[in-house]
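Have a look at the structure below before the remarks.
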Number of protein chains: 2
Amino acid sequence: MIEKQYFSRVTALAGGVGGAKLAAGLSQLLAERLTVIVNTGDDFEHLGLRISPDIDTVCYTLAGLSNLDTGWGRANETWNALRTISELGGLDWFKLGDQDIGLHLERSRRLREGETLSQITQDFCQAFNIQSNVLPMSDQEVSTWVFTENEELSFQEYFVHQQCKPNVKGFRFEGAEIAKPAPGILEDIAEAEIIVICPSNPWVSIGPILAVPGILESLIDKQVIAVSPIIGGKAIKGPAAKMYSELGFTPSALAVARQYKDFLSGFVLDQVDQNLERETKNLGIQTYVTDSLMKTNQDRVRLAKEVIKFGERLI
Amino acid sequence: MIEKQYFSRVTALAGGVGGAKLAAGLSQLLAERLTVIVNTGDDFEHLGLRISPDIDTVCYTLAGLSNLDTGWGRANETWNALRTISELGGLDWFKLGDQDIGLHLERSRRLREGETLSQITQDFCQAFNIQSNVLPMSDQEVSTWVFTENEELSFQEYFVHQQCKPNVKGFRFEGAEIAKPAPGILEDIAEAEIIVICPSNPWVSIGPILAVPGILESLIDKQVIAVSPIIGGKAIKGPAAKMYSELGFTPSALAVARQYKDFLSGFVLDQVDQNLERETKNLGIQTYVTDSLMKTNQDRVRLAKEVIKFGERLI
């Protein structure tokens, strides 16, 4: 798979589906020279299971085990536990496949026994034969809450159960102020030549990572490149564009660049957003325009190569 | 399926596999006129799931969902969660199928929310379209411990993990002294014309039920019939015969009759144990000799009919 050697050490920040795709491209080029720091603000307890949706999506995607149709969950999955729960009149709104439940049972058991999420994630990556380093943003619990017009909703209640329908007024990352970056994160960022902010939701995927004290500060002097999760004013997947609108911003790649501008060196825009290049440069950010839509694994690897080359040019 | 109407109200006491077979035969004849009181001494917590092996075996068997090859678990089961747990290096010694895990997840959730095991079991029976009444012996936790030569083992540790290999010196039913019979049990026994002790292990399946204060006492004036779980000196399944030997008794149907003699009116012996009939009668217990091995569903229904008729004769 590796056509050319890429020697840069890269640390990527990622949420779920979109971020995982670019992370998988980077991982195929960089193997153990890539670390992915993953959002855990969506983590929650459901049916007694501790679920880390973004970590699992990143791990399944990097391991080649992900369901390419849905973007979440595993390929060749069965649904017999959930069907039984439905038949018994139980809680079936969060879709958990059988293999996925196996992983949640084992992670939950180890967490109850006092192991850390980063240690467990490392062991799972080894079992899945993942060569890159996947780290949760923190071993302490940080929970994303969504302010809506009428109430405050837990992230999964907003995202899955209410299907992102309520109008968003703001966010709160409960526990972030006392969370610490998972062991190795700050050293890893310090050693990385390039930091890549994957095309994940800036509000609820990248936002919680940057809310962990120390992580944002550690990016200030680094070469940080973001890939826009907004293309042509729309999010490829998920509520990012809807959130920008509801919070009073025009959803666009430019809005993303503005949000990251304090620590951004370079910004990858899709070709349909070429018209935003000048305004992005006016923010003091270098730009790179390409086809940033990742439909196939080839797309992931190609975009990853372009991102690394862009980053190496900026160093 | 019902060839003749059986009008007696029957309450059966049962453990897992063997007991569940006779209970299923009785259930097909009596429908809602049958109550099955089930051992919960084997219940345990595993992978964060609260598991009630005997209740589940009884329910799966009465619902026609059980795996006829193994006697435990469900037919047409998949094992994808457990395989994932194995791949992740987790605890895989207790075999949990995917549909089974679904039930455990839902039961555990409801128990955590404060519902009682008897309420949950009743709802599950309704979902499984079971017409008979299945009750745990108690809504309080009672845990069977097995004294062995060197240590005290939890029941599942002895039974599944160590495969009944250690020598047994005795048993302890932790929590039994402060447990109460589940709601309805004492009324149900009082109203029943016939009490049937199913062919379950007298030490670790029927013993814990009788250790719940009030249950044994309520049997004293009733017509109580037991079906021997020991045939020709051997247990059909499980460690009952081995336990008799290790505790200093010759394993035989007679040993079972002696164990129950204080409250037993009638005893069903297999035809291979006809030679034990006289000694059983000498204990003041009526006897009935038949083919008591249940290989097919026809066998279960036939034996259930014979047991009811024998009981009706004694009333």
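Lettering and numbering for the structure tokens are positional, with chains as A, B, ... in the shown order, residues counted from 1 in each chain, and ligands counted from 1 in the shown order.
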With DSSP run on the backbone, what are the alpha helix (DSSP H) residues within stretch 25-157 of chain A? I'd like them as an MDAnalysis selection string. chainID A and resid 25:30 53:62 80:87 98:112 117:127 155:156
Write a file of the selected residues as a compact mmCIF listing (two decimals), in the first residue's frame, keeping N, CA and C atoms.
```
# COMPACT_ATOMS: atom_id res chain seq x y z
N GLY A 25 -6.61 7.06 6.18
CA GLY A 25 -5.68 7.35 5.08
C GLY A 25 -4.29 7.65 5.62
N LEU A 26 -4.21 8.49 6.64
CA LEU A 26 -2.92 8.84 7.25
C LEU A 26 -2.25 7.58 7.82
N SER A 27 -3.06 6.74 8.44
CA SER A 27 -2.52 5.54 9.09
C SER A 27 -1.87 4.60 8.07
N GLN A 28 -2.46 4.50 6.90
CA GLN A 28 -1.90 3.62 5.87
C GLN A 28 -0.55 4.14 5.35
N LEU A 29 -0.34 5.44 5.46
CA LEU A 29 0.92 6.03 4.99
C LEU A 29 1.97 6.08 6.09
N LEU A 30 1.51 6.27 7.34
CA LEU A 30 2.45 6.61 8.42
C LEU A 30 2.61 5.50 9.45
N PRO A 53 -18.26 6.09 21.22
CA PRO A 53 -18.58 5.96 19.79
C PRO A 53 -17.44 6.40 18.87
N ASP A 54 -16.77 7.52 19.19
CA ASP A 54 -15.76 8.01 18.26
C ASP A 54 -14.50 7.15 18.30
N ILE A 55 -14.10 6.73 19.48
CA ILE A 55 -12.94 5.83 19.57
C ILE A 55 -13.21 4.56 18.78
N ASP A 56 -14.42 4.04 18.93
CA ASP A 56 -14.73 2.79 18.23
C ASP A 56 -14.76 2.99 16.72
N THR A 57 -15.35 4.09 16.28
CA THR A 57 -15.38 4.36 14.84
C THR A 57 -13.95 4.49 14.30
N VAL A 58 -13.10 5.22 15.02
CA VAL A 58 -11.71 5.37 14.57
C VAL A 58 -11.02 3.99 14.55
N CYS A 59 -11.18 3.21 15.61
CA CYS A 59 -10.50 1.90 15.67
C CYS A 59 -11.03 0.96 14.59
N TYR A 60 -12.35 0.86 14.46
CA TYR A 60 -12.91 -0.03 13.44
C TYR A 60 -12.44 0.41 12.05
N THR A 61 -12.39 1.73 11.82
CA THR A 61 -12.00 2.24 10.50
C THR A 61 -10.52 1.97 10.24
N LEU A 62 -9.68 2.25 11.22
CA LEU A 62 -8.24 2.01 11.04
C LEU A 62 -7.96 0.51 10.86
N ASN A 80 -28.64 -9.57 16.88
CA ASN A 80 -29.52 -10.48 17.61
C ASN A 80 -29.77 -10.05 19.06
N ALA A 81 -28.77 -9.47 19.69
CA ALA A 81 -28.98 -8.98 21.06
C ALA A 81 -30.00 -7.84 21.04
N LEU A 82 -29.80 -6.90 20.13
CA LEU A 82 -30.71 -5.74 20.06
C LEU A 82 -32.13 -6.17 19.70
N ARG A 83 -32.25 -7.16 18.80
CA ARG A 83 -33.59 -7.63 18.43
C ARG A 83 -34.29 -8.23 19.65
N THR A 84 -33.52 -8.98 20.46
CA THR A 84 -34.09 -9.54 21.69
C THR A 84 -34.53 -8.43 22.63
N ILE A 85 -33.69 -7.41 22.77
CA ILE A 85 -34.05 -6.26 23.62
C ILE A 85 -35.36 -5.64 23.13
N SER A 86 -35.49 -5.48 21.82
CA SER A 86 -36.74 -4.94 21.24
C SER A 86 -37.93 -5.83 21.59
N GLU A 87 -37.74 -7.14 21.41
CA GLU A 87 -38.83 -8.09 21.68
C GLU A 87 -39.27 -8.04 23.14
N ASP A 98 -23.98 -7.00 17.57
CA ASP A 98 -23.50 -8.02 18.51
C ASP A 98 -22.00 -7.93 18.76
N GLN A 99 -21.21 -7.78 17.69
CA GLN A 99 -19.76 -7.67 17.87
C GLN A 99 -19.42 -6.41 18.66
N ASP A 100 -20.14 -5.34 18.33
CA ASP A 100 -19.95 -4.07 19.01
C ASP A 100 -20.25 -4.23 20.51
N ILE A 101 -21.33 -4.92 20.84
CA ILE A 101 -21.68 -5.16 22.25
C ILE A 101 -20.58 -5.95 22.95
N GLY A 102 -20.00 -6.92 22.25
CA GLY A 102 -18.89 -7.67 22.84
C GLY A 102 -17.77 -6.74 23.28
N LEU A 103 -17.42 -5.80 22.40
CA LEU A 103 -16.36 -4.84 22.73
C LEU A 103 -16.78 -3.97 23.91
N HIS A 104 -18.02 -3.49 23.91
CA HIS A 104 -18.47 -2.63 25.01
C HIS A 104 -18.48 -3.39 26.34
N LEU A 105 -18.89 -4.66 26.31
CA LEU A 105 -18.90 -5.46 27.54
C LEU A 105 -17.49 -5.57 28.10
N GLU A 106 -16.53 -5.84 27.22
CA GLU A 106 -15.15 -6.03 27.68
C GLU A 106 -14.55 -4.71 28.15
N ARG A 107 -14.79 -3.62 27.41
CA ARG A 107 -14.27 -2.32 27.87
C ARG A 107 -14.89 -1.93 29.20
N SER A 108 -16.21 -2.11 29.33
CA SER A 108 -16.90 -1.72 30.57
C SER A 108 -16.37 -2.51 31.75
N ARG A 109 -16.14 -3.80 31.54
CA ARG A 109 -15.59 -4.63 32.61
C ARG A 109 -14.24 -4.09 33.06
N ARG A 110 -13.37 -3.77 32.11
CA ARG A 110 -12.03 -3.32 32.47
C ARG A 110 -12.06 -1.94 33.12
N LEU A 111 -12.96 -1.07 32.65
CA LEU A 111 -13.09 0.25 33.29
C LEU A 111 -13.54 0.09 34.73
N ARG A 112 -14.54 -0.81 34.95
CA ARG A 112 -15.01 -1.04 36.32
C ARG A 112 -13.89 -1.55 37.22
N LEU A 117 -9.13 4.28 30.14
CA LEU A 117 -9.62 4.17 28.76
C LEU A 117 -8.45 4.13 27.78
N SER A 118 -7.39 4.87 28.08
CA SER A 118 -6.26 4.88 27.13
C SER A 118 -5.53 3.54 27.13
N GLN A 119 -5.40 2.91 28.29
CA GLN A 119 -4.76 1.59 28.35
C GLN A 119 -5.60 0.56 27.60
N ILE A 120 -6.92 0.59 27.86
CA ILE A 120 -7.82 -0.37 27.21
C ILE A 120 -7.82 -0.17 25.69
N THR A 121 -7.86 1.11 25.27
CA THR A 121 -7.88 1.42 23.84
C THR A 121 -6.60 0.91 23.17
N GLN A 122 -5.48 1.09 23.86
CA GLN A 122 -4.20 0.62 23.33
C GLN A 122 -4.23 -0.90 23.13
N ASP A 123 -4.76 -1.62 24.13
CA ASP A 123 -4.84 -3.08 24.02
C ASP A 123 -5.78 -3.51 22.90
N PHE A 124 -6.91 -2.82 22.78
CA PHE A 124 -7.86 -3.16 21.72
C PHE A 124 -7.22 -2.93 20.35
N CYS A 125 -6.46 -1.83 20.23
CA CYS A 125 -5.79 -1.53 18.94
C CYS A 125 -4.81 -2.66 18.61
N GLN A 126 -4.11 -3.14 19.62
CA GLN A 126 -3.17 -4.24 19.40
C GLN A 126 -3.92 -5.49 18.92
N ALA A 127 -5.05 -5.78 19.59
CA ALA A 127 -5.86 -6.94 19.19
C ALA A 127 -6.37 -6.78 17.77
N PHE A 155 -25.47 14.50 24.78
CA PHE A 155 -25.16 14.47 23.36
C PHE A 155 -25.90 13.37 22.61
N GLN A 156 -25.91 12.15 23.16
CA GLN A 156 -26.56 11.06 22.43
C GLN A 156 -28.07 11.24 22.38
```
Fewer than 3 positions away in the same chain doesn't count, so skip those; otherwise give me all residues within 8 Å of B:Gln223, counting only C-alpha atoms, as a list in words.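 So, after excluding close chain neighbours, the residues are Glu193, Ile194, Ile195, Leu219, Leu264, Ser265, Gly266, Gly311, Leu314 and Ile315 of chain B.
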Please compute the atom CA of A:Glu312-atom CA of A:Gly184 distance, one decimal, in Å.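 Computing the Euclidean distance for atom CA of A:Glu312 and atom CA of A:Gly184 yields 23.2 Å.
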Those of stretch 205-294 of chain A in DSSP strand (DSSP E or B), formatted as a list in words: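 The residues of stretch 205-294 of chain A classed as strand (DSSP E or B) are Val224, Ile225, Ala226, Val227, Ile230, Ile231, Lys234, Ala235, Gly266, Phe267, Val268, Leu269, Asp270, Gln286, Thr287, Tyr288, Val289 and Thr290 of chain A.
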In Å, rounded to a single decimal, give me how far atom CA of B:Trp203 is from atom CA of B:Ala14.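 That distance, rounded to one decimal, is 12.0 Å.
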Which polymer residues have any atom within 10 Å of an atom of B:Phe263, counting only C-alpha atoms, with same-chain residues fewer than 3 positions away left out, as a ChimeraX atom specification? /B:216-225,259-260,266,285
Write out as number ranges by chain the residues lying within 12 Å of B:Thr148, counting only C-alpha atoms and excluding same-chain residues fewer than 2 positions away. B: 145-146, 150-155, 157-158, 162, 164-172, 243, 246-247
Quick one: write out the picked residues with C-alpha atoms as a compact mmCIF listing (two decimals), in the first residue's frame?
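Now in selection_0.txt:
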```txt
# COMPACT_ATOMS: atom_id res chain seq x y z
CA TRP B 145 -21.43 -21.28 47.55
CA VAL B 146 -19.74 -24.66 47.24
CA ASN B 150 -9.41 -26.34 49.76
CA GLU B 151 -11.70 -23.38 49.33
CA GLU B 152 -15.20 -22.03 49.00
CA LEU B 153 -16.22 -21.45 45.40
CA SER B 154 -19.06 -19.42 43.96
CA PHE B 155 -21.47 -21.71 42.17
CA GLU B 157 -16.87 -20.84 39.42
CA TYR B 158 -17.41 -24.44 40.56
CA GLN B 162 -13.94 -25.57 37.18
CA CYS B 164 -17.54 -29.52 38.82
CA LYS B 165 -14.11 -31.10 39.26
CA PRO B 166 -13.36 -30.14 42.91
CA ASN B 167 -14.58 -32.50 45.65
CA VAL B 168 -17.67 -31.11 47.34
CA LYS B 169 -17.85 -30.90 51.14
CA GLY B 170 -21.02 -28.84 51.55
CA PHE B 171 -23.02 -25.82 50.45
CA ARG B 172 -23.97 -22.42 51.75
CA MET B 243 -22.22 -34.68 44.96
CA GLU B 246 -18.56 -36.85 47.78
CA LEU B 247 -20.93 -36.04 50.64
```
Near A:Thr296, counting only C-alpha atoms, which residues have an atom at most 10 Å away, once you skip same-chain residues fewer than 6 positions from it, shown as a CSV table (one decimal) with C-alpha atoms, in the first residue's frame?
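Wrote result_7.csv, looks like this:
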```csv
chain,number,residue,atom,x,y,z
A,21,LYS,CA,-11.7,8.3,7.2
A,68,LEU,CA,-18.6,1.3,4.9
A,302,ARG,CA,-4.8,10.4,-1.7
```
